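Structure data (compact mmCIF, C-alpha atoms) from run_25.txt:
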```
# COMPACT_ATOMS: atom_id res chain seq x y z
CA MET A 1 -3.52 23.04 2.26
CA SER A 2 -5.92 23.23 -0.64
CA ASP A 3 -4.16 26.18 -2.26
CA LEU A 4 -3.08 25.79 -5.84
CA ILE A 5 0.17 23.95 -6.16
CA ASP A 6 0.89 23.89 -9.85
CA ASN A 7 -0.65 26.51 -12.09
CA ASN A 8 1.74 26.09 -14.99
CA MET A 9 -0.49 23.76 -16.86
CA GLU A 10 -3.22 25.09 -19.05
CA MET A 11 -5.64 22.26 -18.73
CA HIS A 12 -5.14 21.00 -15.18
CA THR A 13 -4.57 22.36 -11.74
CA ILE A 14 -2.92 19.94 -9.34
CA ARG A 15 -4.27 20.43 -5.84
CA ILE A 16 -5.82 18.74 -2.83
CA CYS A 17 -9.49 17.75 -2.96
CA ASN A 18 -11.69 20.04 -0.90
CA GLU A 19 -14.27 18.60 1.47
CA ASP A 20 -17.11 20.08 -0.61
CA GLU A 21 -15.84 18.25 -3.73
CA LYS A 22 -16.86 14.83 -2.45
CA ASP A 23 -19.28 14.30 -5.36
CA LYS A 24 -16.56 14.95 -7.93
CA LEU A 25 -14.31 12.51 -6.17
CA ILE A 26 -17.00 9.85 -6.11
CA ASP A 27 -17.82 10.50 -9.77
CA PHE A 28 -14.19 9.90 -10.65
CA ILE A 29 -13.97 6.67 -8.66
CA ARG A 30 -17.20 5.45 -10.28
CA CYS A 31 -16.10 6.24 -13.79
CA CYS A 32 -12.41 5.36 -13.67
CA TRP A 33 -12.08 2.70 -11.03
CA LYS A 34 -15.23 0.75 -10.35
CA GLU A 35 -18.89 1.72 -10.67
CA ASP A 36 -19.88 0.13 -7.38
CA HIS A 37 -16.62 0.64 -5.51
CA ILE A 38 -17.04 0.61 -1.76
CA LEU A 39 -15.83 4.21 -1.46
CA THR A 40 -18.67 5.31 -3.74
CA LYS A 41 -21.22 3.40 -1.68
CA SER A 42 -20.14 4.24 1.82
CA GLU A 43 -19.52 7.86 2.72
CA GLU A 44 -18.72 6.62 6.22
CA LEU A 45 -15.80 4.54 4.97
CA LEU A 46 -14.59 7.25 2.60
CA ASN A 47 -14.59 9.72 5.48
CA PHE A 48 -12.97 7.26 7.85
CA GLN A 49 -10.08 6.70 5.48
CA HIS A 50 -9.62 10.04 3.81
CA LEU A 51 -11.52 12.95 5.36
CA ASP A 52 -9.41 15.50 7.19
CA LYS A 53 -12.04 17.39 9.18
CA VAL A 54 -9.61 19.93 10.59
CA ASN A 55 -8.39 21.13 7.21
CA LYS A 56 -11.72 20.44 5.47
CA ILE A 57 -10.11 18.35 2.77
CA TYR A 58 -10.16 14.82 1.51
CA ASN A 59 -6.73 13.23 1.48
CA PHE A 60 -6.57 12.99 -2.28
CA ILE A 61 -4.35 15.01 -4.56
CA VAL A 62 -6.24 15.57 -7.80
CA ALA A 63 -5.80 16.88 -11.33
CA PHE A 64 -8.65 19.35 -11.63
CA ASN A 65 -9.65 20.01 -15.24
CA ASN A 66 -9.96 23.78 -15.58
CA GLU A 67 -12.21 23.43 -18.62
CA THR A 68 -14.65 20.74 -17.54
CA GLY A 69 -14.45 21.18 -13.77
CA ALA A 70 -13.99 17.41 -13.35
CA PHE A 71 -11.16 15.46 -11.77
CA ASP A 72 -9.05 13.69 -14.40
CA ALA A 73 -6.62 11.94 -12.05
CA ILE A 74 -6.47 11.20 -8.32
CA LEU A 75 -3.91 9.91 -5.88
CA GLY A 76 -5.23 9.04 -2.43
CA PHE A 77 -3.09 9.12 0.67
CA ILE A 78 -3.39 8.47 4.38
CA PRO A 79 -1.08 10.30 6.75
CA LEU A 80 -0.20 8.33 9.87
CA ASN A 81 -1.56 11.24 11.91
CA LYS A 82 -4.99 10.73 10.35
CA TYR A 83 -5.64 8.52 13.37
CA ASP A 84 -3.61 10.41 15.95
CA GLN A 85 -2.92 14.08 15.40
CA ASN A 86 -0.31 14.10 18.16
CA VAL A 87 1.85 11.51 16.46
CA GLU A 88 5.24 12.97 15.65
CA ASN A 89 5.96 10.79 12.66
CA ASP A 90 5.15 12.42 9.32
CA ASN A 91 4.70 9.12 7.47
CA ILE A 92 2.13 8.98 4.68
CA TRP A 93 0.79 5.91 2.96
CA LEU A 94 -0.23 6.31 -0.65
CA ALA A 95 -3.45 4.71 -1.80
CA VAL A 96 -5.50 4.59 -4.99
CA TRP A 97 -3.78 6.14 -8.01
CA LYS A 98 -5.82 6.49 -11.17
CA VAL A 99 -5.72 8.61 -14.34
CA LYS A 100 -8.35 8.94 -17.05
CA LYS A 101 -6.95 7.14 -20.07
CA GLU A 102 -7.45 10.07 -22.41
CA TYR A 103 -5.15 12.24 -20.29
CA ALA A 104 -2.44 9.66 -19.62
CA ASN A 105 0.02 11.26 -22.04
CA LEU A 106 -0.10 14.51 -20.06
CA LEU A 107 1.71 12.63 -17.28
CA ILE A 108 -0.74 13.98 -14.74
CA GLY A 109 -0.39 10.80 -12.70
CA ILE A 110 3.33 11.38 -12.27
CA LYS A 111 2.67 15.04 -11.54
CA LEU A 112 0.31 14.06 -8.74
CA LEU A 113 2.97 11.88 -7.14
CA LEU A 114 5.71 14.50 -7.49
CA ASN A 115 3.52 17.29 -6.17
CA LEU A 116 2.32 15.25 -3.22
CA THR A 117 5.79 14.17 -2.18
CA ASN A 118 7.12 17.71 -2.56
CA MET A 119 4.19 19.16 -0.65
CA TYR A 120 4.40 16.83 2.32
CA ASN A 121 8.15 16.38 2.23
CA SER A 122 7.63 13.35 4.43
CA SER A 123 10.60 11.44 5.72
CA ASP A 124 8.68 8.20 5.13
CA ILE A 125 6.31 7.32 2.30
CA GLY A 126 4.91 3.84 1.89
CA VAL A 127 2.48 2.20 -0.47
CA ILE A 128 1.13 -1.31 -0.30
CA GLY A 129 -0.95 -3.51 -2.60
CA ILE A 130 0.37 -2.12 -5.88
CA SER A 131 0.10 -3.28 -9.48
CA ASP A 132 2.99 -4.28 -11.77
CA ASP A 133 2.80 -0.94 -13.57
CA ALA A 134 2.79 1.08 -10.35
CA MET A 135 5.69 -1.00 -9.05
CA GLU A 136 7.72 -0.07 -12.13
CA ILE A 137 6.98 3.62 -11.65
CA TYR A 138 7.87 3.57 -7.95
CA LYS A 139 11.11 1.76 -8.74
CA ALA A 140 11.97 4.46 -11.25
CA PHE A 141 11.43 7.02 -8.51
CA LYS A 142 13.97 5.14 -6.37
CA TYR A 143 11.47 3.61 -3.98
CA LYS A 144 12.52 0.34 -2.38
CA THR A 145 10.17 -2.42 -3.42
CA GLY A 146 9.25 -5.93 -2.38
CA SER A 147 6.45 -8.26 -1.34
CA LEU A 148 4.98 -8.84 2.09
CA GLU A 149 6.09 -12.02 3.80
CA HIS A 150 3.19 -14.32 4.58
CA PHE A 151 3.56 -16.13 7.91
CA ILE A 152 1.20 -18.79 9.14
CA ILE A 153 0.37 -21.13 12.00
CA LYS A 154 -1.98 -23.94 11.08
CA ASN A 155 -4.51 -25.22 13.62
CA GLU A 156 -2.97 -28.62 14.27
CA ASN A 157 -6.17 -29.95 15.80
CA MET A 158 -8.20 -29.40 12.67
CA GLU A 159 -8.55 -32.10 10.07
CA TYR A 160 -10.34 -30.45 7.15
CA PHE A 161 -9.55 -27.04 5.71
CA HIS A 162 -11.94 -25.09 3.51
CA ILE A 163 -10.25 -21.69 3.42
CA ALA A 164 -6.59 -22.68 3.22
CA LYS A 165 -5.00 -25.65 1.55
CA PHE A 166 -2.14 -27.39 3.29
CA PRO A 167 -0.06 -30.27 2.04
CA SER A 168 -1.12 -33.52 3.64
CA ASP A 169 2.29 -34.07 5.16
CA THR A 170 2.52 -30.70 6.93
CA THR A 171 4.62 -31.27 9.99
CA VAL A 172 3.62 -29.97 13.39
CA ASN A 173 6.07 -27.62 15.04
CA THR A 174 7.20 -29.68 18.02
CA THR A 175 10.43 -27.85 18.70
CA LEU A 176 8.74 -25.08 20.66
CA LYS A 177 7.94 -25.97 24.25
CA LYS A 178 5.27 -24.60 26.52
CA ASN A 179 6.30 -21.64 28.68
CA ASN A 180 4.87 -19.11 31.09
CA ILE A 181 3.88 -16.50 28.52
CA HIS A 182 0.16 -15.87 28.79
CA LEU A 183 -2.03 -14.85 25.84
CA LYS A 184 -5.37 -13.18 26.42
CA GLU A 185 -7.82 -10.89 24.68
CA ILE A 186 -7.61 -7.37 26.03
CA SER A 187 -10.17 -4.62 26.29
CA ARG A 188 -9.90 -1.06 25.05
CA ILE A 189 -9.31 0.15 28.62
CA GLU A 190 -6.53 -2.37 29.23
CA PHE A 191 -4.95 -1.46 25.92
CA GLU A 192 -5.14 2.28 26.57
CA LYS A 193 -3.59 1.80 30.02
CA SER A 194 -0.65 -0.14 28.64
CA ASN A 195 2.65 1.59 28.07
CA LEU A 196 3.39 -0.28 24.90
CA LYS A 197 5.67 1.37 22.39
CA SER A 198 5.74 0.61 18.73
CA GLY A 199 8.75 -1.51 17.91
CA PHE A 200 8.53 -0.66 14.24
CA LYS A 201 8.99 2.16 11.78
CA PRO A 202 6.78 4.10 11.15
CA SER A 203 6.14 4.39 14.84
CA LYS A 204 2.45 4.15 15.77
CA THR A 205 0.89 5.27 19.04
CA ILE A 206 -1.72 3.71 21.31
CA GLN A 207 -4.18 6.34 20.11
CA TYR A 208 -3.46 5.39 16.49
CA PHE A 209 -4.48 1.79 17.19
CA VAL A 210 -7.62 2.91 19.01
CA LYS A 211 -8.79 5.16 16.18
CA ARG A 212 -7.68 2.97 13.30
CA TYR A 213 -8.96 -0.33 14.64
CA ILE A 214 -11.26 -0.07 17.66
CA GLU A 215 -13.24 2.76 16.09
CA HIS A 216 -13.38 1.22 12.62
CA PRO A 217 -16.91 1.75 11.26
CA PHE A 218 -17.31 -1.76 9.80
CA TYR A 219 -14.73 -4.27 10.95
CA LYS A 220 -14.57 -5.67 14.47
CA TYR A 221 -10.93 -5.98 15.36
CA ARG A 222 -9.83 -8.00 18.37
CA PHE A 223 -6.75 -7.19 20.41
CA PHE A 224 -4.75 -9.99 22.04
CA GLY A 225 -1.88 -9.39 24.45
CA PHE A 226 1.11 -11.50 25.42
CA TYR A 227 1.89 -11.26 29.12
CA LEU A 228 5.21 -12.21 30.66
CA ASN A 229 5.40 -12.14 34.46
CA GLY A 230 2.20 -10.12 34.53
CA GLU A 231 3.60 -7.44 32.21
CA ILE A 232 2.19 -6.94 28.75
CA ALA A 233 4.95 -7.42 26.20
CA GLY A 234 3.18 -7.22 22.86
CA VAL A 235 -0.29 -6.91 21.40
CA PHE A 236 -1.53 -8.05 18.03
CA ILE A 237 -4.59 -6.66 16.28
CA SER A 238 -6.64 -9.21 14.43
CA ARG A 239 -10.00 -10.01 12.98
CA ILE A 240 -11.80 -13.23 12.35
CA ILE A 241 -12.66 -13.83 8.71
CA THR A 242 -15.56 -16.13 7.95
CA VAL A 243 -16.03 -18.04 4.71
CA ASP A 244 -19.26 -20.04 4.75
CA GLU A 245 -18.94 -22.15 7.90
CA SER A 246 -15.16 -21.81 8.19
CA LYS A 247 -13.05 -19.22 9.94
CA CYS A 248 -9.47 -17.98 10.05
CA LEU A 249 -7.70 -15.34 12.11
CA ARG A 250 -5.77 -12.58 10.37
CA ILE A 251 -3.28 -10.42 12.25
CA VAL A 252 -3.24 -6.97 10.70
CA ASP A 253 -0.96 -5.06 13.04
CA TRP A 254 1.34 -5.36 16.03
CA ILE A 255 2.55 -3.13 18.84
CA GLY A 256 5.35 -4.04 21.20
CA LYS A 257 7.55 -7.09 20.91
CA PHE A 258 7.31 -10.36 19.05
CA PRO A 259 7.66 -12.78 21.96
CA ASP A 260 9.72 -15.92 21.36
CA ASN A 261 8.12 -19.31 21.43
CA VAL A 262 4.36 -18.71 21.54
CA TYR A 263 3.31 -21.47 19.15
CA HIS A 264 1.31 -23.28 21.82
CA GLN A 265 -0.50 -20.12 22.88
CA PHE A 266 -1.57 -19.63 19.26
CA GLN A 267 -2.70 -23.25 19.07
CA GLU A 268 -4.88 -22.74 22.13
CA LEU A 269 -6.32 -19.55 20.65
CA LEU A 270 -7.06 -21.24 17.30
CA ALA A 271 -8.83 -24.05 19.12
CA ASN A 272 -10.90 -21.60 21.16
CA LEU A 273 -11.84 -19.52 18.13
CA ASP A 274 -12.34 -22.56 15.90
CA CYS A 275 -10.12 -21.06 13.20
CA GLU A 276 -8.27 -22.97 10.50
CA TYR A 277 -5.12 -20.92 10.89
CA VAL A 278 -3.70 -17.56 11.95
CA ASP A 279 -1.73 -15.57 9.42
CA LEU A 280 0.41 -12.48 9.52
CA LEU A 281 1.31 -10.50 6.41
CA CYS A 282 4.13 -8.09 7.03
CA HIS A 283 7.51 -6.75 6.06
CA VAL A 284 9.80 -6.38 9.05
CA ALA A 285 13.52 -5.95 9.44
CA ASP A 286 14.14 -9.33 10.97
CA ILE A 287 11.86 -12.16 9.90
CA GLN A 288 13.64 -14.48 12.32
CA GLN A 289 11.75 -12.75 15.13
CA VAL A 290 8.47 -13.83 13.56
CA LEU A 291 9.70 -17.36 12.92
CA LYS A 292 10.90 -17.61 16.53
CA MET A 293 7.32 -17.01 17.70
CA GLY A 294 6.38 -20.26 15.99
CA PHE A 295 5.15 -19.02 12.62
CA SER A 296 6.20 -20.63 9.34
CA LEU A 297 6.61 -18.90 6.03
CA LYS A 298 3.97 -19.76 3.46
CA ASN A 299 5.30 -22.21 0.94
CA GLU A 300 3.48 -21.35 -2.27
CA ALA A 301 4.53 -24.55 -3.99
CA ASP A 302 2.05 -26.67 -2.10
CA MET A 303 0.06 -24.34 0.12
CA ILE A 304 -2.80 -21.91 -0.47
CA ILE A 305 -3.37 -19.14 2.05
CA PRO A 306 -5.90 -16.83 0.44
CA GLU A 307 -5.60 -13.09 0.40
CA TYR A 308 -8.98 -12.01 -0.96
CA PHE A 309 -12.16 -12.68 1.00
CA GLU A 310 -14.64 -10.12 -0.33
CA PRO A 311 -15.34 -11.98 -2.54
CA PHE A 312 -13.45 -15.07 -1.46
CA VAL A 313 -10.78 -16.25 -3.89
CA ARG A 314 -8.95 -19.42 -2.95
CA LYS A 315 -5.55 -18.63 -4.36
CA ASN A 316 -2.24 -17.16 -3.29
CA THR A 317 -1.66 -13.50 -4.06
CA ASP A 318 1.49 -11.47 -3.72
CA ILE A 319 1.02 -8.16 -1.89
CA ARG A 320 3.66 -5.81 -3.23
CA PHE A 321 4.90 -2.69 -1.54
CA ALA A 322 7.16 0.28 -2.19
CA TYR A 323 8.60 2.79 0.21
CA LYS A 324 11.00 5.66 0.56
CA SER A 325 12.57 6.13 3.96
CA ASN A 326 15.90 7.00 5.50
CA ASP A 327 15.31 4.12 7.87
CA ASP A 328 16.30 0.71 6.53
CA HIS A 329 13.90 -0.88 9.01
CA TYR A 330 10.74 0.56 7.51
CA SER A 331 7.94 -1.95 8.14
CA PHE A 332 4.59 -2.83 6.68
CA PHE A 333 1.63 -4.62 8.21
CA LYS A 334 -1.53 -5.65 6.42
CA GLY A 335 -3.57 -3.00 8.22
CA ASP A 336 -1.41 -0.14 6.92
CA GLY A 337 -2.63 2.38 4.40
CA ASP A 338 -5.97 1.52 2.82
CA GLN A 339 -5.36 -2.23 2.75
CA ASP A 340 -7.56 -3.82 5.38
CA ARG A 341 -10.93 -2.39 4.48
CA PRO A 342 -14.24 -3.93 3.48
CA ASN A 343 -14.89 -4.43 -0.19
CA ILE A 344 -18.50 -5.46 0.21
CA ILE A 345 -21.05 -4.05 2.63
CA MET B 1 25.24 13.33 -32.70
CA GLU B 2 23.55 11.59 -35.63
CA ASN B 3 24.37 8.29 -34.02
CA ASN B 4 22.78 9.43 -30.76
CA THR B 5 19.69 10.61 -32.60
CA GLN B 6 19.28 7.26 -34.32
CA LYS B 7 19.82 5.46 -31.03
CA LEU B 8 17.30 7.74 -29.32
CA LEU B 9 14.66 7.15 -31.99
CA GLY B 10 15.35 3.43 -31.83
CA ILE B 11 14.72 3.37 -28.06
CA CYS B 12 11.50 5.36 -28.46
CA SER B 13 10.35 3.05 -31.23
CA GLU B 14 10.93 -0.01 -29.09
CA ILE B 15 9.29 1.30 -25.94
CA LEU B 16 6.37 3.07 -27.61
CA GLU B 17 5.95 0.14 -30.01
CA ILE B 18 5.82 2.41 -33.05
CA GLU B 19 7.78 2.05 -36.29
CA VAL B 20 10.91 4.16 -36.15
CA THR B 21 9.98 5.65 -39.53
CA GLU B 22 6.94 7.21 -37.88
CA LEU B 23 9.04 9.02 -35.30
CA SER B 24 11.16 12.14 -35.45
CA LEU B 25 12.85 14.39 -32.93
CA GLU B 26 9.75 16.56 -33.08
CA THR B 27 7.41 13.76 -32.08
CA SER B 28 5.53 14.86 -28.96
CA ARG B 29 3.85 12.80 -26.26
CA LEU B 30 1.00 15.31 -26.29
CA VAL B 31 -0.29 13.79 -29.52
CA MET B 32 0.51 10.16 -28.75
CA GLU B 33 -1.77 7.92 -26.77
CA GLU B 34 1.01 5.33 -26.45
CA TRP B 35 3.31 7.75 -24.61
CA ASP B 36 1.68 7.48 -21.17
CA SER B 37 3.23 7.69 -17.69
CA LEU B 38 4.53 4.15 -17.73
CA ALA B 39 6.05 4.51 -21.20
CA HIS B 40 7.58 7.79 -20.11
CA ILE B 41 9.18 6.17 -17.06
CA ARG B 42 10.50 3.36 -19.25
CA LEU B 43 11.94 5.88 -21.71
CA ILE B 44 13.69 7.76 -18.88
CA ALA B 45 15.11 4.54 -17.41
CA GLU B 46 16.33 3.32 -20.79
CA MET B 47 17.91 6.68 -21.70
CA GLU B 48 19.73 6.76 -18.36
CA GLU B 49 21.04 3.26 -18.83
CA ILE B 50 22.00 3.40 -22.51
CA PHE B 51 23.50 6.88 -22.41
CA ASN B 52 24.83 6.66 -18.87
CA CYS B 53 23.19 9.93 -17.92
CA GLU B 54 20.90 11.16 -15.17
CA ILE B 55 17.62 12.91 -15.74
CA PRO B 56 16.55 14.75 -12.56
CA ILE B 57 13.23 13.50 -11.22
CA ASP B 58 11.80 16.99 -10.98
CA SER B 59 12.53 17.55 -14.68
CA ILE B 60 11.00 14.46 -16.16
CA THR B 61 7.55 15.92 -16.70
CA GLU B 62 9.14 18.74 -18.71
CA ILE B 63 10.16 16.27 -21.40
CA GLU B 64 7.50 16.58 -24.10
CA LYS B 65 9.28 15.85 -27.35
CA ILE B 66 11.84 13.21 -28.25
CA SER B 67 14.36 15.98 -28.86
CA ASP B 68 14.01 17.05 -25.21
CA PHE B 69 16.06 13.99 -24.25
CA LEU B 70 19.05 15.30 -26.19
CA GLN B 71 19.98 17.87 -23.54
CA TYR B 72 20.65 15.02 -21.11
CA ILE B 73 22.54 12.66 -23.38
CA ARG B 74 24.92 14.96 -25.15
```
Using structure tokens, write down the structure from this file.
Amino acid sequence: MSDLIDNNMEMHTIRICNEDEKDKLIDFIRCCWKEDHILTKSEELLNFQHLDKVNKIYNFIVAFNNETGAFDAILGFIPLNKYDQNVENDNIWLAVWKVKKEYANLLIGIKLLLNLTNMYNSSDIGVIGISDDAMEIYKAFKYKTGSLEHFIIKNENMEYFHIAKFPSDTTVNTTLKKNNIHLKEISRIEFEKSNLKSGFKPSKTIQYFVKRYIEHPFYKYRFFGFYLNGEIAGVFISRIITVDESKCLRIVDWIGKFPDNVYHQFQELLANLDCEYVDLLCHVADIQQVLKMGFSLKNEADMIIPEYFEPFVRKNTDIRFAYKSNDDHYSFFKGDGDQDRPNII
Amino acid sequence: MENNTQKLLGICSEILEIEVTELSLETSRLVMEEWDSLAHIRLIAEMEEIFNCEIPIDSITEIEKISDFLQYIR
């Protein structure tokens, strides 16, 4: 895996970062991204996201400078099987992509992308949370691009909102009636016993959710299941975000179905958790399925549903994505790739 | 041919934001800070659109000099 890939260049060798090159990787992130970036401060998080213990590599393709011995460009990636080696899908999510300015005209950034995609030959490649410049490059490489949809259910029993901002005349969704679908928090054992199948592409396994979320080294994710006639139909993975004395609930992933008409169940949950709202950032084939649950689409004209919490920034932010897949139903959730990770510890 | 060359230099001038008089077919990205990955991608996209040609993705990093575009637009 870490064998040389491209030896035609005099100055750089494009290859995968070896496990014993962690210090070089951290030096690069410090110098070219952010001095106190979380990945430079927490080896635990770096390893959780990028270390491949079996192959003794970090999941970064790098431009190794043959003269200085330093890394001059990196492109991080997270294969779906990072969290479940038995998963059949060969999806990879791309992550941080940086080049030292002085080497930008050598196109080593583009070479990293081309080498990585050729090396993995994945049927699905996705990237989420990208800049304008990166978006332009992915478009040029024929990736499909867009922005995550931001869905929300406001706690209708709350009067004052400190995290979000809603228009004063926000109407309550009264069209959805109560039903016999039951929502409850589920344990790891209950989740592992369930026979839920991913309803989305790339297809994730139960084990993926366990490793990615339950075993996360910093965040405490909570799993809630929708039960219909005693059978579990769908589970969402969420975490409570606290800003001063206020809280909101963010759904970062989903397995199983989006059940119709569960607005009242969410209202009950929001009341129990004392959260201002629940939101769901995703890109799915049919947004009507999400709306049918009782969610509304964020209306940016008069609503603020923040995206950044570490530190907290009370403004709307577009989360852009790009992907290449033969499947037109390729989906994104906020927990995909390197997106839902701490920024401050 | 001369027309294509002038057009080519004009596109490079616009995207690299450099006076056309400072460019020639021999101008190389290896000595130009302005000619980074993003500029390169913009040059490729513009060449493909203006000259109705296709530059294979795997070949784009081989383009080093402005004259290297000529093989695709002739």
For segment 219-226 of chain A, please output as a PyMOL selection string all residues within 8 Å (counting all atoms listed in the file; exclusion window: fewer than 3 positions along the same chain). chain A and resi 181-187+213-214+216+232-240+259+341-342
When you draw a straight line from atom CA of Leu297 of chain A to atom CA of Leu269 of chain A, how long is it in Å? 19.5 Å
For Asp58 of chain B, work out the shell of residues within 10 Å, counting all atoms listed in the file and skipping chain neighbours fewer than 3 positions away, then give it as a ChimeraX atom specification. /A:111,114-115,118 /B:55,61-62
As JSON, numbers by chain, could you give me every residue of chain A near chain B (at most 10 Å apart, counting all atoms listed in the file)? {"A": [99, 101, 102, 103, 104, 105, 106, 107, 108, 109, 110, 111, 114, 115, 118, 133, 134, 136, 137, 138, 139, 140, 141, 142]}
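Taking only C-alpha atoms into account, the residues near (14.9, 7.8, -23.4), no farther than 8 Å, are Leu8, Ile11, Cys12, Arg42, Leu43, Ile44, Ala45, Glu46, Met47, Glu48, Ile66 and Phe69 of chain B.
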